[in-house]
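A.B. asks: Here it is, the structure, as C-alpha cells.
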Amino acid sequence: MTSADLRIAEGVERGPRVSFRCDGREVEAHEGESLAAALWASGLRADAGERTEGPPFRVLFCAMGVCQQCVVLVDGVRVEACRVPVRAGLDVRTQS
Amino acid sequence: MTRYDLAVIGGGIMGVTAALRAAAGGMRVVVLDRGGVGGEATGVNAGTLSLQIKRVALMPYALRGHEWWRIAGEAVGFHRTGGYTLAFNAREQALLEDRMRLKMEAGAPITFVSPAQVHAAEPALCDRIVAASYCAEDGHADSTRSGVYLRKLLRDAAIDVREHAPVVGVDSRDSGFSVRSATSSIDSTNILIASGAWTKSIAAMLGVVLPIEVRVNTVTVTEKGPMQLHSAIGHATGLLTLKQKDNGTFLIGGGWQGRGSPETGRGEVVAATMLQNLRLARFALPALAGVRAVRAWTGFDSFVPDNYPLAGVLPGVPGAFVLACVRGGYTIGPCIGPLMADLILGRSPELPLFDPARVLKMPAHA
Amino acid sequence: MSAMIDVIILGAGPAGAAAAVEAARRGLKVLLVDEAVAAGGQVYRIAPGIRARDATPEREAGDAIRASLAASRVDARFGHRVWQVERNAASFAVHTVNATGPVTLTARALIVAGGAVERHIPIDGWDRPGVMGLAGATVLLKAQCMLPGRDVVVAGAGPLLLAVAAGIVHGGGRVAAVVDLQPRSRWLRDWRSLASRPDLLARGARWMATLLASRTPMLHGSALRRIEGDPVVSAVVVTRLDAVGAVVADGVERTIACDAVCLGFGLHPATDITRLLGAAHAFDAAHGGWHVVTDEHQSTSIAGLFVCGDAAGIAGAAAAPWSGRVAAVAVDRHLGRVSAAEALSAVTPMVAKRDRAARFGRAMTQVAEGGDGIVLAIAPETPVCLCEQVSRATIDAAVDAGATTLSEVKSATRCGMGPCGGRLCEDAAARLIGLRTGTTRAAVGMATGRPPLRPVALDHLAGEFDYDALPIAQPSPL
C-alpha cells in the first residue's frame with residue numbers, strides 16, 4: 001500500500017493481502033477487514049452513476065449495519081458492505 | 001355549542017366519503033377520529049384496487065368505487081396497471097375459473113388468459129402458472145397517501161374535523177345525540193358510526209351489540225429494486241396480492257393474519273404467517289429471492305358472520321347509522337359512503353344497502 | 001429433544017456478554033445472539049486478523065470478554081441477524097437468519113442488550129460522500145485501524161468527539177478542526193460525576209493533550225453550517241453559536257478544507273426490539289432520550305423481558321457488565337430458581353457498582369445534549385430522511401397541512417419508510433415536528449416498532465419450502 005493509504009501502518013498486524021473485484025475493477029485489501037473499509041481505503045466514496053433505487057450509496061457511514069447506505073451486491077446477494085469480511089475473489093457490485 | 005346535523009365517527013374512506021356527500025347535500029357535518037384522518041385501515045392497506053378480488057355481490061359497488069380512485073389519480077398515486085390472477089395447480093385452476101366466471105357475470109370486465117399471455121406481459125413471473133385471468137381496470141394506489149388526500153377533501157368542503165379525539169361516550173338526547181371525547185362534547189341530530197374495527201365498541205355505547213369480529217391483516221414492503229413487475233398480481237385463493245410500486249418497492253399482502261385487537265389499538269405481525277405470505281410471493285416472482293423485506297405491519301379489517309357490509313340504520317336507534325365491515329372496503333368505500341349519506345339525507349340510494357338488523361340474529365364467534 | 005432454553009440474550013456487547021456469563025454461571029441454559037462475528041458489541045469491536053501490536057485497555061477489555069465467554073457454557077450464536085421477536089404465553093421466540101437461512105430460537109426469558117444508536121442532526125451536505133458518523137469513525141479507527149481521511153473535520157457533540165479526533169491524530173492523520181456544539185465550560189459542569197471515574201477522566205485528558213500537542217484547532221460552541229463538496233467532501237463552513245445554542249445570525253463563518261467529516265451528536269438507547277414487543281418506554285434526556293422503562297433490577301413492563309446496558313438508558317461501558325449481571329440474576333429469580341432474598345443479596349452489590357459506574361456515563365450523555373438551535377437552523381432543502389431523500393421543507397409542509405405525529409408525517413412524506421427504519425431520521429423528524437407544532441420531543445412520541453428489525457432477503461426469510469405444503473387451502477370468501 002502507498003503512503004497515502006488510510007490504513008494506519010504503525011504497529012498494526014493485518015490479515016494476508018488479497019484482492020477482489022468491485023464493479024469490474026481490482027481492489028487490493030487484507031483478508032478479514034470489512035468490505036466497506038477496504039473500499040474506503042481504495043478511495044471509493046460513492047458510486048459514479050445515478051443510483052435509481054435505495055438510499056444514496058455511500059461506502060461508509062455508520063459502519064454497523066444500521067444506516068443501509070453501504071448496501072452492495074456481493075456474489076449476487078444484497079448486503080451491507082460494512083458487515084462483509086473481505087476474502088479473496090469477492091465479486092462486488094455497487095449497482096444492481 | 002355548535003349543533004351538527006351529522007357527526008361521523010371515523011375518518012377513514014367510509015366516513016369521509018359519506019361526510020362529503022352529506023355536506024354537499026346541505027348538512028352541517030363533523031368528522032371525528034381517534035387518530036389522524038385515514039390513519040387506520042384506509043391508510044395501511046396494501047393499496048390493491050382490483051375488481052378480481054371483489055366479492056360477486058359487491059361488484060357493482062366495486063366498479064363505482066374503483067372509478068372514484070381513478071379520478072383521484074395522482075393525488076393518491078393511482079395506477080391502472082391491469083392485473084392478473086394466477087393459479088399454480090389444478091385445484092386452484094378450478095377455483096379461479098368458477099369464481100371469475102361469477103364475477104364476470106356480475107359485470108366485472110375480467111377475461112381468462114393463457115400462461116403464455118401472462119408471460120408475454122410479465123416475463124419475470126414463475127413458470128408454474130397453469131391458468132390465469134386478467135382485468136385491464138385493476139391497479140393500485142398508495143394507501144399511505146389517503147390521509148393527506150382525505151384531509152384535503154374535508155378542508156376544501158369546509159367540514160369540521162376533530163382528529164386525535166377518541167370517542168368515549170355517545171348518549172341519546174332529545175332530538176339527537178351527544179358525542180363525547182375526553183375533552184369535549186358534540187351535539188348532533190344524526191350520527192354515522194363508520195369506525196372500522198372500533199364499530200362494535202362505539203355501537204355498544206348506544207346499547208347495541210353487533211357480532212363484529214376483527215381480522216388482523218399483514219402487509220410487507222421491500223426495499224427498492226429494478227422494475228420487474230408492472231401489473232397487479234393476485235392468486236386464485238385471494239391469499240396473495242403482489243405489486244411493484246413506481247418507486248421500485250414491492251408490496252406483499254393477501255390477508256395473512258397477525259394478532260392483536262382494537263382494544264389495545266395495536267396489531268402485531270406474526271412471523272409464521274408473514275413468512276407464508278412471503279413464500280407465496282417468492283414462488284410467484286422468483287426475482288424476489290434476493291430482494292430484502294424492510295417492513296411489515298398490520299391493519300384491522302372487521303367483518304360480520306355473513307361477510308357482507310353493515311350499511312343502514314343502527315338497529316333500534318333512529319338517527320344513528322352504521323357503515324362498516326365492508327370486505328374490500330378500500331375500493332368500495334367511495335361508492336358505499338355516499339350511498340349511506342343519501343340514506344341519511346332522506347334520499348333513496350342508487351344501489352341497495354345492507355340492513356344491519358339482519359346480523360342481530362347471528363351469533364358472533366368470538 | 002433438548003429442554004427449553006432458559007434465556008436468550010440479544011447483543012454480545014459488554015452488557016450482553018456479562019449477562020450471558022453470569023446466567024451460565026448460575027446454571028441457566030443460555031443462548032447469546034449477535035450479528036457480528038465475535039463478541040464485543042461496538043465499543044470493543046474487532047475485525048478478524050486486525051490487531052494493533054500495542055495493547056490498549058479497550059482491546060484488553062474486549063479480549064477478556066471474549067475469553068470469558070469462550071470459557072463459559074454460553075451457547076453463542078454469531079452471524080445471526082435478528083429480524084423479529086415475539087412474546088408468547090410462556091416464552092419468547094427470536095426469529096433470526098444466518099448464512100444458511102432462517103433460525104428460530106425460543107426461550108422462557110429474554111434479555112435485550114442492544115446497546116446504543118448514534119443521534120444525528122441533519123446539516124446541509126451531510127449526505128455527501130466522505131461524511132461518516134462519529135460512531136462509524138470510532139469503529140473504523142479501532143476495529144479496522146484505518147483513518148477516515150488525511151485531513152478530517154470532527155464535529156458534533158459528545159464524548160466520541162474527542163475520542164475520534166485523538167484517534168485520528170494518534171493514527172498519523174490530521175484533524176483540520178474539532179467543532180463542538182458545546183461551549184468549553186460544559187465539560188466542567190458535571191465534573192463531580194466525571195471525577196467518579198478518574199481513569200476515564202485521565203483518558204479524556206490524554207485525548208485533549210494529544211490534540212493540543214498537535215495544534216488541532218478546537219472550536220467550541222460552534223456548529224457546521226454546511227458541508228461542501230463536488231460531490232465528495234472538500235470543505236466545511238463553520239459558524240458560532242450563541243449562549244443558548246442558537247446559530248448567530250449574520251455571524252462570522254469560517255471555511256475549513258478537509259477530505260472527510262466525522263459527525264455525530266451523542267448516543268441514544270436502541271429501542272427497536274423493545275418497541276416491537278410493546279414494552280413501556282419513557283423519554284428522559286438524562287438517559288439519552290426514549291428508552292425502555294426498567295426497574296432497579298432491569299425488568300420491564302413485560303414479564304420475562306429484561307433490558308441491560310445502554311439499551312436501558314445510556315450509562316456507558318463501565319456500567320454495562322454490572323447491569324448485565326443484574327439482569328441475569330433477575331432472570332434467575334423470574335424463573336423461580338432462587339428466592340427473592342437470595343436474588344436481592346446477589347444483586348445488591350452489583351447494583352451499587354452499576355450505579356456508581358453509571359454516573360460517569362450519564363454525565364457524558366448530558367454533554368451531548370442540546371441542539372435545538374441547530375435543529376431550528378436546518379435549511380429547507382437539507383435532507384432529513386436520507387433513505388427517502390425527504391427534506392426539511394417537505395416535513396414542514398406536511399405539518400402545516402395537518403400532520404401532527406411521526407406516523408402522519410411518515411405517511412405524508414415517506415420520512416422513515418426507508419430501509420434504515422427511521423434510525424437516522426426519527427429523532428430529527430420528531431424534533432422538527434415538535435418545534436413546528438409547539439410540543440415537546442416527548443409529546444411527539446416514538447414510531448411503532450415493526451419487523452423486520454433489519455432488512456432481510458426474502459430467500460433468507462423463506463428458507464426452503466414446498467409450494468404444496470403452503471397452508472392455502474382456505475380461500476377468502478367469494
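To be explicit about the labels: the chains of the C-alpha cells are called A, B, and onward in the order shown, and within each one the residues are counted from 1, while ligands get numbers from 1 in the order they are shown.
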Check every residue of chain C for an atom within 6 Å of chain B, counting only C-alpha atoms, and provide those that qualify as a VMD selection string.
C.D. replies: chain C and resid 411 to 412 419 451 to 452 455 to 459 462 475 to 476 478
A.B. asks: Write out as a count of residues only the residues lying within 9 Å of Val8 in chain B, counting only C-alpha atoms and excluding same-chain residues fewer than 6 positions away.
C.D. replies: 15
A.B. asks: Nearest to Leu6 in chain A among C:Arg392, C:Arg354, C:Arg337, C:Arg150, with distances taken over only C-alpha atoms: which residue is it?
C.D. replies: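 Among the listed residues, C:Arg150 lies closest to Leu6 in chain A.
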A.B. asks: Need to verify the contact set: Ile8 in chain A, 10 Å, only C-alpha atoms, exclusion of same-chain residues closer than 2 positions in sequence. Can you return it as a list in words?
C.D. replies: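 With the cut-off at 10 Å, the set is Ser3, Asp5, Leu6, Glu10, Gly11, Val12 and Glu13 of chain A; Ala52, Leu141, Gln144, Cys145, Met146, Leu147, Ile168, His170, Gly171, Gly172 and Gly173 of chain C.
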A.B. asks: Give me, please, the distance in Å between CA of Ala327 in chain C and CA of Asp199 in chain C, quoted to one decimal.
C.D. replies: 26.2 Å
A.B. asks: Could you list, as a PyMOL selection string, the residues of chain C having an atom within 6 Å of chain A when counting only C-alpha atoms?
C.D. replies: chain C and resi 47-53+129+132-133+136+145-147+171+387+420
A.B. asks: Dump N, CA, C and O atoms for the selected residues as an mmCIF file, in the first residue's frame?
C.D. replies:
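Saved file part-v1.cif follows:
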```cif
data_model
loop_
_atom_site.group_PDB
_atom_site.id
_atom_site.type_symbol
_atom_site.label_atom_id
_atom_site.label_comp_id
_atom_site.auth_asym_id
_atom_site.auth_seq_id
_atom_site.Cartn_x
_atom_site.Cartn_y
_atom_site.Cartn_z
ATOM 1 N N ALA C 47 -12.060 -6.743 14.162
ATOM 2 C CA ALA C 47 -12.185 -7.343 12.838
ATOM 3 C C ALA C 47 -11.204 -8.509 12.780
ATOM 4 O O ALA C 47 -10.104 -8.413 13.337
ATOM 5 N N PRO C 48 -11.604 -9.582 12.124
ATOM 6 C CA PRO C 48 -10.724 -10.759 12.110
ATOM 7 C C PRO C 48 -9.362 -10.421 11.502
ATOM 8 O O PRO C 48 -9.288 -9.807 10.444
ATOM 9 N N GLY C 49 -8.306 -10.795 12.186
ATOM 10 C CA GLY C 49 -6.973 -10.652 11.626
ATOM 11 C C GLY C 49 -6.331 -9.289 11.836
ATOM 12 O O GLY C 49 -5.158 -9.102 11.520
ATOM 13 N N ILE C 50 -7.080 -8.325 12.375
ATOM 14 C CA ILE C 50 -6.508 -6.992 12.554
ATOM 15 C C ILE C 50 -6.231 -6.756 14.037
ATOM 16 O O ILE C 50 -7.097 -6.971 14.883
ATOM 17 N N ARG C 51 -5.029 -6.352 14.336
ATOM 18 C CA ARG C 51 -4.657 -6.162 15.725
ATOM 19 C C ARG C 51 -3.564 -5.114 15.818
ATOM 20 O O ARG C 51 -2.566 -5.190 15.116
ATOM 21 N N ALA C 52 -3.775 -4.118 16.708
ATOM 22 C CA ALA C 52 -2.695 -3.165 16.971
ATOM 23 C C ALA C 52 -1.716 -3.860 17.902
ATOM 24 O O ALA C 52 -2.114 -4.456 18.895
ATOM 25 N N ARG C 53 -0.444 -3.791 17.596
ATOM 26 C CA ARG C 53 0.539 -4.520 18.397
ATOM 27 C C ARG C 53 0.591 -4.041 19.832
ATOM 28 O O ARG C 53 0.747 -4.819 20.744
ATOM 29 N N PRO C 129 -20.801 12.122 0.006
ATOM 30 C CA PRO C 129 -19.812 11.064 0.242
ATOM 31 C C PRO C 129 -18.607 11.672 0.951
ATOM 32 O O PRO C 129 -18.214 12.793 0.653
ATOM 33 N N MET C 132 -19.067 10.602 7.523
ATOM 34 C CA MET C 132 -19.455 9.401 8.258
ATOM 35 C C MET C 132 -19.837 9.788 9.678
ATOM 36 O O MET C 132 -19.501 10.879 10.150
ATOM 37 N N GLY C 133 -20.502 8.879 10.358
ATOM 38 C CA GLY C 133 -20.886 9.139 11.745
ATOM 39 C C GLY C 133 -19.667 9.065 12.657
ATOM 40 O O GLY C 133 -18.651 8.444 12.311
ATOM 41 N N GLY C 136 -19.322 5.520 13.509
ATOM 42 C CA GLY C 136 -18.718 4.817 12.376
ATOM 43 C C GLY C 136 -17.212 5.047 12.333
ATOM 44 O O GLY C 136 -16.430 4.140 12.064
ATOM 45 N N CYS C 145 -8.509 -0.196 12.210
ATOM 46 C CA CYS C 145 -7.220 0.514 12.247
ATOM 47 C C CYS C 145 -7.008 1.315 10.971
ATOM 48 O O CYS C 145 -5.986 1.204 10.281
ATOM 49 N N MET C 146 -8.011 2.120 10.685
ATOM 50 C CA MET C 146 -7.973 2.900 9.445
ATOM 51 C C MET C 146 -8.396 4.327 9.746
ATOM 52 O O MET C 146 -9.242 4.567 10.612
ATOM 53 N N LEU C 147 -7.819 5.299 9.045
ATOM 54 C CA LEU C 147 -8.196 6.700 9.213
ATOM 55 C C LEU C 147 -9.395 7.037 8.334
ATOM 56 O O LEU C 147 -9.502 6.531 7.214
ATOM 57 N N GLY C 171 -3.217 8.087 14.986
ATOM 58 C CA GLY C 171 -3.007 7.176 13.861
ATOM 59 C C GLY C 171 -2.223 7.794 12.719
ATOM 60 O O GLY C 171 -2.037 7.175 11.673
ATOM 61 N N CYS C 387 -32.699 7.965 3.457
ATOM 62 C CA CYS C 387 -33.171 6.832 2.658
ATOM 63 C C CYS C 387 -34.146 7.284 1.575
ATOM 64 O O CYS C 387 -34.075 6.833 0.443
ATOM 65 N N CYS C 420 -33.514 1.913 6.588
ATOM 66 C CA CYS C 420 -32.909 2.063 7.909
ATOM 67 C C CYS C 420 -33.976 2.161 8.993
ATOM 68 O O CYS C 420 -33.661 2.240 10.176
#
```
A.B. asks: Quick one, how far is CA of Ala166 in chain C from CA of Ala260 in chain C?
C.D. replies: 15.3 Å
A.B. asks: Near Ala88 in chain A, within 7 Å and counting only C-alpha atoms, which residues show up once chain neighbours fewer than 2 positions away are dropped, as a PyMOL selection string?
C.D. replies: chain A and resi 18-20+86+90
A.B. asks: Those selected residues, please, written with all heavy atoms and delivered as a PDB file, in the first residue's frame.
C.D. replies:
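For reference, selection_32.pdb as written:
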```
ATOM      1  N   VAL A  18      -5.119  -9.758  -0.030  1.00  0.00           N
ATOM      2  CA  VAL A  18      -5.933 -10.462  -1.026  1.00  0.00           C
ATOM      3  C   VAL A  18      -6.445  -9.406  -1.989  1.00  0.00           C
ATOM      4  O   VAL A  18      -6.339  -8.214  -1.731  1.00  0.00           O
ATOM      5  CB  VAL A  18      -7.133 -11.179  -0.378  1.00  0.00           C
ATOM      6  CG1 VAL A  18      -6.691 -12.324   0.511  1.00  0.00           C
ATOM      7  CG2 VAL A  18      -8.007 -10.212   0.406  1.00  0.00           C
ATOM      8  N   SER A  19      -7.015  -9.877  -3.092  1.00  0.00           N
ATOM      9  CA  SER A  19      -7.675  -8.904  -3.956  1.00  0.00           C
ATOM     10  C   SER A  19      -9.064  -9.409  -4.330  1.00  0.00           C
ATOM     11  O   SER A  19      -9.345 -10.613  -4.280  1.00  0.00           O
ATOM     12  CB  SER A  19      -6.839  -8.605  -5.195  1.00  0.00           C
ATOM     13  OG  SER A  19      -6.840  -9.719  -6.042  1.00  0.00           O
ATOM     14  N   PHE A  20      -9.926  -8.470  -4.635  1.00  0.00           N
ATOM     15  CA  PHE A  20     -11.283  -8.798  -5.063  1.00  0.00           C
ATOM     16  C   PHE A  20     -11.666  -7.798  -6.152  1.00  0.00           C
ATOM     17  O   PHE A  20     -10.891  -6.887  -6.459  1.00  0.00           O
ATOM     18  CB  PHE A  20     -12.251  -8.752  -3.862  1.00  0.00           C
ATOM     19  CG  PHE A  20     -12.406  -7.387  -3.220  1.00  0.00           C
ATOM     20  CD1 PHE A  20     -13.414  -6.499  -3.626  1.00  0.00           C
ATOM     21  CD2 PHE A  20     -11.565  -6.994  -2.188  1.00  0.00           C
ATOM     22  CE1 PHE A  20     -13.567  -5.260  -3.040  1.00  0.00           C
ATOM     23  CE2 PHE A  20     -11.711  -5.747  -1.585  1.00  0.00           C
ATOM     24  CZ  PHE A  20     -12.713  -4.873  -2.013  1.00  0.00           C
ATOM     25  N   VAL A  86     -13.754  -9.142   4.090  1.00  0.00           N
ATOM     26  CA  VAL A  86     -13.134  -9.352   2.786  1.00  0.00           C
ATOM     27  C   VAL A  86     -12.475 -10.721   2.707  1.00  0.00           C
ATOM     28  O   VAL A  86     -11.832 -11.164   3.650  1.00  0.00           O
ATOM     29  CB  VAL A  86     -12.073  -8.248   2.522  1.00  0.00           C
ATOM     30  CG1 VAL A  86     -11.213  -8.602   1.314  1.00  0.00           C
ATOM     31  CG2 VAL A  86     -12.752  -6.915   2.286  1.00  0.00           C
ATOM     32  N   LEU A  90     -13.949 -11.986  -4.063  1.00  0.00           N
ATOM     33  CA  LEU A  90     -15.325 -11.497  -3.983  1.00  0.00           C
ATOM     34  C   LEU A  90     -15.669 -10.732  -5.250  1.00  0.00           C
ATOM     35  O   LEU A  90     -14.832 -10.028  -5.804  1.00  0.00           O
ATOM     36  CB  LEU A  90     -15.486 -10.527  -2.809  1.00  0.00           C
ATOM     37  CG  LEU A  90     -15.454 -11.068  -1.392  1.00  0.00           C
ATOM     38  CD1 LEU A  90     -15.599  -9.906  -0.402  1.00  0.00           C
ATOM     39  CD2 LEU A  90     -16.557 -12.080  -1.149  1.00  0.00           C
TER      40      LEU A  90
END
```
A.B. asks: Would you please give, as JSON, numbers by chain, all residues of range 53-141 of chain C that DSSP assigns to strand (DSSP E) based on the backbone?
C.D. replies: {"C": [75, 76, 77, 81, 82, 83, 84, 85, 86, 87, 92, 93, 94, 95, 96, 97, 98, 101, 102, 103, 104, 105, 106, 107, 108, 109, 110, 111, 112, 116, 117, 118, 131, 132, 133]}
A.B. asks: Next, write the just-selected residues to a file, as a CSV table (one decimal), in the first residue's frame, keeping N, CA, C and O atoms as the atom set.
C.D. replies:
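Result saved to out-v6.csv:
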```csv
chain,number,residue,atom,x,y,z
C,75,ASP,N,-24.0,-20.7,24.9
C,75,ASP,CA,-24.1,-21.1,23.5
C,75,ASP,C,-24.2,-19.8,22.7
C,75,ASP,O,-25.2,-19.2,22.7
C,76,ALA,N,-23.1,-19.4,22.1
C,76,ALA,CA,-23.0,-18.1,21.4
C,76,ALA,C,-23.3,-18.3,20.0
C,76,ALA,O,-22.6,-19.2,19.3
C,77,ARG,N,-24.3,-17.6,19.4
C,77,ARG,CA,-24.6,-17.7,18.0
C,77,ARG,C,-24.2,-16.4,17.3
C,77,ARG,O,-25.0,-15.4,17.4
C,81,ARG,N,-28.7,-12.6,12.3
C,81,ARG,CA,-29.4,-11.3,12.3
C,81,ARG,C,-30.8,-11.5,12.8
C,81,ARG,O,-31.6,-12.3,12.2
C,82,VAL,N,-31.1,-10.8,13.9
C,82,VAL,CA,-32.4,-11.0,14.5
C,82,VAL,C,-33.4,-10.1,13.7
C,82,VAL,O,-33.1,-8.9,13.5
C,83,TRP,N,-34.5,-10.6,13.2
C,83,TRP,CA,-35.4,-9.8,12.5
C,83,TRP,C,-36.8,-9.6,13.1
C,83,TRP,O,-37.5,-8.7,12.8
C,84,GLN,N,-37.1,-10.5,14.0
C,84,GLN,CA,-38.4,-10.4,14.7
C,84,GLN,C,-38.3,-11.1,16.1
C,84,GLN,O,-37.6,-12.1,16.2
C,85,VAL,N,-39.0,-10.5,17.1
C,85,VAL,CA,-39.1,-11.2,18.4
C,85,VAL,C,-40.5,-11.2,18.8
C,85,VAL,O,-41.2,-10.2,18.7
C,86,GLU,N,-41.0,-12.3,19.2
C,86,GLU,CA,-42.4,-12.4,19.6
C,86,GLU,C,-42.5,-13.0,21.0
C,86,GLU,O,-41.8,-13.8,21.5
C,87,ARG,N,-43.5,-12.4,21.7
C,87,ARG,CA,-43.8,-12.9,23.1
C,87,ARG,C,-45.0,-13.8,23.0
C,87,ARG,O,-46.0,-13.5,22.4
C,92,PHE,N,-40.5,-16.6,24.7
C,92,PHE,CA,-40.2,-15.6,23.6
C,92,PHE,C,-39.6,-16.4,22.5
C,92,PHE,O,-38.8,-17.3,22.6
C,93,ALA,N,-40.0,-16.0,21.3
C,93,ALA,CA,-39.5,-16.6,20.1
C,93,ALA,C,-38.6,-15.5,19.4
C,93,ALA,O,-39.1,-14.4,19.1
C,94,VAL,N,-37.4,-15.9,19.1
C,94,VAL,CA,-36.5,-14.9,18.4
C,94,VAL,C,-36.3,-15.5,17.0
C,94,VAL,O,-35.7,-16.6,16.8
C,95,HIS,N,-36.7,-14.7,16.0
C,95,HIS,CA,-36.5,-15.1,14.6
C,95,HIS,C,-35.3,-14.5,14.0
C,95,HIS,O,-35.2,-13.3,14.0
C,96,THR,N,-34.4,-15.4,13.6
C,96,THR,CA,-33.1,-14.8,13.0
C,96,THR,C,-32.9,-15.5,11.6
C,96,THR,O,-33.5,-16.4,11.2
C,97,VAL,N,-31.9,-14.9,10.9
C,97,VAL,CA,-31.4,-15.5,9.7
C,97,VAL,C,-29.8,-15.5,9.9
C,97,VAL,O,-29.3,-14.6,10.4
C,98,ASN,N,-29.2,-16.6,9.4
C,98,ASN,CA,-27.8,-16.6,9.4
C,98,ASN,C,-27.4,-17.0,8.0
C,98,ASN,O,-28.2,-16.9,7.1
C,101,GLY,N,-29.7,-19.6,6.4
C,101,GLY,CA,-31.2,-19.4,6.2
C,101,GLY,C,-31.8,-19.1,7.6
C,101,GLY,O,-31.1,-18.6,8.5
C,102,PRO,N,-33.1,-19.3,7.7
C,102,PRO,CA,-33.8,-18.9,8.9
C,102,PRO,C,-33.5,-19.8,10.1
C,102,PRO,O,-33.4,-21.0,9.9
C,103,VAL,N,-33.4,-19.2,11.3
C,103,VAL,CA,-33.2,-19.9,12.5
C,103,VAL,C,-34.1,-19.3,13.6
C,103,VAL,O,-34.0,-18.1,13.9
C,104,THR,N,-35.0,-20.1,14.2
C,104,THR,CA,-35.9,-19.5,15.2
C,104,THR,C,-35.4,-20.1,16.5
C,104,THR,O,-35.2,-21.3,16.7
C,105,LEU,N,-35.3,-19.3,17.5
C,105,LEU,CA,-34.8,-19.7,18.8
C,105,LEU,C,-35.9,-19.3,19.8
C,105,LEU,O,-36.5,-18.3,19.7
C,106,THR,N,-36.1,-20.2,20.8
C,106,THR,CA,-37.2,-20.0,21.8
C,106,THR,C,-36.6,-20.1,23.2
C,106,THR,O,-35.8,-20.9,23.4
C,107,ALA,N,-37.1,-19.2,24.1
C,107,ALA,CA,-36.6,-19.3,25.5
C,107,ALA,C,-37.7,-18.8,26.4
C,107,ALA,O,-38.6,-18.1,26.0
C,108,ARG,N,-37.5,-19.1,27.7
C,108,ARG,CA,-38.5,-18.7,28.7
C,108,ARG,C,-38.4,-17.3,29.1
C,108,ARG,O,-39.3,-16.6,29.5
C,109,ALA,N,-37.2,-16.7,28.9
C,109,ALA,CA,-37.0,-15.3,29.2
C,109,ALA,C,-36.1,-14.7,28.2
C,109,ALA,O,-35.4,-15.4,27.4
C,110,LEU,N,-36.1,-13.4,28.2
C,110,LEU,CA,-35.3,-12.7,27.2
C,110,LEU,C,-34.6,-11.5,27.8
C,110,LEU,O,-35.2,-10.7,28.6
C,111,ILE,N,-33.3,-11.3,27.5
C,111,ILE,CA,-32.6,-10.1,27.9
C,111,ILE,C,-32.1,-9.4,26.6
C,111,ILE,O,-31.5,-10.0,25.8
C,112,VAL,N,-32.5,-8.1,26.5
C,112,VAL,CA,-32.2,-7.3,25.4
C,112,VAL,C,-31.0,-6.4,25.8
C,112,VAL,O,-31.1,-5.7,26.8
C,116,ALA,N,-26.6,1.1,21.9
C,116,ALA,CA,-26.9,2.5,21.6
C,116,ALA,C,-26.9,2.7,20.1
C,116,ALA,O,-26.3,2.0,19.4
C,117,VAL,N,-27.5,3.8,19.7
C,117,VAL,CA,-27.6,4.2,18.3
C,117,VAL,C,-27.1,5.7,18.3
C,117,VAL,O,-27.4,6.4,19.3
C,118,GLU,N,-26.4,6.1,17.3
C,118,GLU,CA,-25.9,7.5,17.3
C,118,GLU,C,-27.1,8.4,16.9
C,118,GLU,O,-27.9,8.1,16.1
C,131,VAL,N,-18.7,11.8,4.3
C,131,VAL,CA,-19.2,12.1,5.6
C,131,VAL,C,-19.5,10.8,6.3
C,131,VAL,O,-20.1,9.9,5.7
C,132,MET,N,-19.1,10.6,7.5
C,132,MET,CA,-19.5,9.4,8.3
C,132,MET,C,-19.8,9.8,9.7
C,132,MET,O,-19.5,10.9,10.2
C,133,GLY,N,-20.5,8.9,10.4
C,133,GLY,CA,-20.9,9.1,11.7
C,133,GLY,C,-19.7,9.1,12.7
C,133,GLY,O,-18.7,8.4,12.3
```
A.B. asks: Closest to Thr94 in chain A among A:Asp23, A:Ala29, A:Arg17, A:Leu39, using only C-alpha atoms?
C.D. replies: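 When distances to Thr94 in chain A are compared using only C-alpha atoms, the smallest one comes from A:Asp23.
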A.B. asks: Show me, as a count of residues only, the residues that have an atom within 10 Å of range 15-27 of chain C when counting only C-alpha atoms, minus same-chain residues fewer than 6 positions from it.
C.D. replies: 49
A.B. asks: What does the distance between CA of Ala286 in chain C and CA of Asp355 in chain C come to in Å, to one decimal place?
C.D. replies: 13.9 Å
